[in-house]
Amino acid sequence: MAAFGSFALLIALALAAYNLFAGTIALRLLATGQPVRISPERLADTARRAGIAGFIAVTGAAFALIWSVFNNDFSIAYIMEHSNRALPAAYKFAALWSGQEGSLVLWAWLLGTYGFVLRLTHKTDVKLYAYAGTILAAVQVFFLAVINFAAPPFSLLKGAIPDDGNGLNPLLQYPEMVIHPPMLYLGYVGFTVPFAFALGALMMRYPGEKWIKITRSWTMVTWLFLTMGIFLGMHWAYAVLGWGGYWGWDPVENASFMPWLTGTAFLHSVMMQERKGMMKSWNVWLIFSTFLLTLLGTTLTRGGLVSSVHAFAQSSIANWFYVFMGIVLAVCIFTYILQRSHLKSEQRLESLVSRESSFLFNNLVLLAACFVILWGTLFPILSEYVQGTKVTVGPPFYNRVAVPIGLFLLFLTGVGPLLPWRATSLRAIRRNFVVPSIALWSTVIVCLAVGVRPWKNGAFDAGNFYALVAFAISAGVFTAILSEFLRGAGVISRQTHRNLFAATYLLIRRNTRRYGGYIIHIGVVIVVVGLAGAAFNRSEERELALHDKLPIGPYTLECVGFTQDSNLNYNSEYALLDVYRDGKKQFQITPEKRVYLASQQPQTMVAIHSVPGWDLYVVYEGTNPDTGQPIIKAFLNPLVSWIWAGVVFMVFGTFVALVPSLTPATAALRVPATKPAPSEPALGGGH
Amino acid sequence: MTETQGFVAGVMLALALGIYTFWPENVFASQRQKTRLDYLLERKEQLYENLRDLNFEYRAGKYPDEDFAEQRALLENETAQLLAEIEHLQQA
């Protein structure tokens with residue numbers, strides 16, 4: 001299979017190169033109208049078909065790699081390093097992305113899949129799709145070149161073939177790891193598609209904003225994958241790393257968060273372009289930056305640029321990525337300079353208090369957050385370059401800057417929908433903001449009453465302060481969104497005489513994009529409430545002899561035994577802990593520590609008991625070598641399950657927004673069409 | 001699969017994909033050049049949607065009467081100018 005896989009990758013590279021070359025020539029011929037012997041349309045179609053054929057070739061290579069993993073072909077160095085005979089089947093799939101070579105194959109295959117769908121649906125807008133397909137082919141050429149020449153996955157071992165492999169990194173032997181990386185990669189890779197459309201539309205001076213509507217589903221699906229990838233990664237970190245948290249501002253976590261921030265900004269600001277022909281240059285640069293950040297993310301994860309618990313495959317392919325990022329940036333700048341006259345806004349911002357300005361602020365805040373995170377992530381590299389000493393930036397820096405930015409963003413999430421387009425009068429502000437403001441201040445009072453106070457023993461407590469602000473703004477935003485649903489449903493209910501539930505359903509169906517977006521915002525509110533719970537985390541650590549007790553929060557843990565187990569893949573030792581509440585036994589939990597046989601690496605398996613109010617999170621830290629007794633660390637983490645619940649809302653909201661709207665919202669139109677045509681066009685663009 | 005078998009399978013894959021790519025077809029998807037009129041018709045749809053949104057939000061109680069009248073007049077004016085240019089281009 002190694003020969004077939006290598007050959008398939010070479011074929012894929014040749015096809016991608018042909019797609020790029022023939023596609024470029026065909027588009028040039030179509031643009032200039034130059035008479036030639038071969039029809040440019042025919043040439044463009046062979047380029048498109050080469051893209052489809054390339055997908056089949058990469059699929060063949062990916063299949064060959066998976067086949068080799070399942071057949072324990074340890075003659076292939078990659079398989080020997082990342083798999084072993086006793087590895088469960090699901091984790092054999094994970095071996096595909098556990099190392100650099102395999103994960104690049106996954107990148108290429110996902111890119112090929114997106115390209116396959118794009119090229120099959122080219123009739124939507126033949127010329128725009130031809131541009132996008134050619135740009136996509138350029139990205140494919142890069143990745144396939146890296147795979148073929150810098151990180152070949154089918155390299156054979158020299159010398160004797162071992163009987164068994166080194167096994168998969170224990171950190172990756174967890175259920176989320178079977179779906180988290182593909183999700184994250186689907187998000188990373190997927191942003192190539194809106195990037196290709198945006199660059200293509202700019203190159204061809206696409207008349208109007210329809211390209212945005214064409215790419216909307218692509219962008220949203222990609223954003224959804226990235227969102228799911230990030231949160232699955234958080235859940236994995238929470239359940240596997242055993243430090244009681246889910247987000248440590250690790251460079252690789254940051255790398256996935258940065259394109260999410262710019263992608264989110266793009267999804268918002270693009271509405272301004274669609275509705276009012278504004279912010280065109282801004283949007284183009286947002287999507288360019290998002291794509292560049294996905295490349296940076298891949299470099300951080302796979303290129304060995306920074307050290308991270310998540311950087312499972314470090315090597316020296318970073319130079320290839322630097323060069324490619326440089327080329328991409330140069331092409332973007334060159335195209336922008338050449339075509340910037342095409343990006344003139346058709347309208348101006350009329351008021352600083354309007355829906356438009358709330359989108360603008362939202363974008364600025366998201367970009368500020370992105371810049372802060374980028375600065376913190378690259379600071380160790382920059383400091384080493386300038387001073388010769390690597391200065392690491394830790395969570396306190398990010399928390400100090402990102403938490404207030406995040407809270408302001410949450411505030412804008414509530415304010416935006418309440419502001420009308422164009423301009424807002426004081427009357428409208430009074431009318432729309434009263435109820436959310438009442439909810440916000442009521443929450444402040446309730447929180448203060450129950451003890452969530454920004455001071456402790458007379459001193460300012462930043463954690464409690466931010467938690468109080470987060471709860472209060474969340475209440476205000478939730479009320480604002482709820483009032484949007486109720487007001488809209490009220491109109492439908494009056495028009496159609498349906499009950500409020502049926503009216504709400506119809507309301508959502510009539511404008512899935514807007515109300516799907518509101519559902520996503522509800523999810524964000526729930527996530528923020530969950531994150532704010534971290535201010536009240538507590539933990540206890542103790543060495544437990546048999547029948548020793550460890551009280552934490554409302555629970556008491558009693559050690560009733562500790563034992564050992566083993567299978568073909570690992571040996572494990574774990575503690576049996578009975579959990580009591582109010583003197584009654586509630587359940588038993590078994591925190592575990594494993595040592596994987598192939599790699600001889602230890603791994604913690606945390607025991608988590610989750611209820612809506614908190615998580616009981618228990619870690620078996622091993623045994624005290626002097627006494628032989630287990631050391632148990634228990635955490636009580638409030639509101640963590642709200643984070644995962646919020647993600648469910650975000651995913652559901654995105655699905656709703658992806659469904660086409662049923663019918664437009666009803667409204668009587670009385671547009672006078674009798675005005676004479678102006679001597680100068682009233683509307684720019686479209687030329 | 002031996003190395004030779006893998007090589008043969010690779011050659012067969014290359015042949016099949018080459019034939020698919022260069023198979024002579026005479027019918028290609030094509031489209032005419034988009035005109036300013038096409039663009040204005042797209043914008044018209046968007047402006048109608050903006051008007052529908054404005055009316056809906058007014059009925060939902062988000063706009064005081066005076067604000068609604070002002071916003072509606074602005075949008076209607078914009079739409080009227082657009083419709084006039086569409087009519088002009090269609091007649092030409």
# chains A, B, ... in the order shown; residues from 1 in each chain; ligands from 1
>>> interface_residues(of="chain B", to="chain A", cutoff="6 Å", atoms="only C-alpha atoms", output="list in words")
Met1, Glu3, Gly6, Phe7, Gly10, Leu17, Thr21, Phe22, Arg36, Tyr39, Arg52, Asn55, Ala60, Tyr63, Glu76, Ala80, Leu83, Ala84 and Glu85 of chain B
>>> residues_around(residues="Arg72 of chain B", least_positions_apart="4", cutoff="9 Å", atoms="only C-alpha atoms", output="ChimeraX atom specification")
/B:51,54-55,67-68,76-77
>>> atom_distance(atom1="atom CA of Thr299 of chain A", atom2="atom CA of Ser83 of chain A")
23.7 Å
>>> atom_distance(atom1="atom CA of Gln603 of chain A", atom2="atom CA of Met228 of chain A")
24.6 Å
>>> select_by_dssp(residues="chain B", states="alpha helix (DSSP H)", output="number ranges by chain")
B: 3-22, 36-59, 65-91
>>> atom_distance(atom1="atom CA of Gln273 of chain A", atom2="atom CA of Thr35 of chain B")
19.5 Å
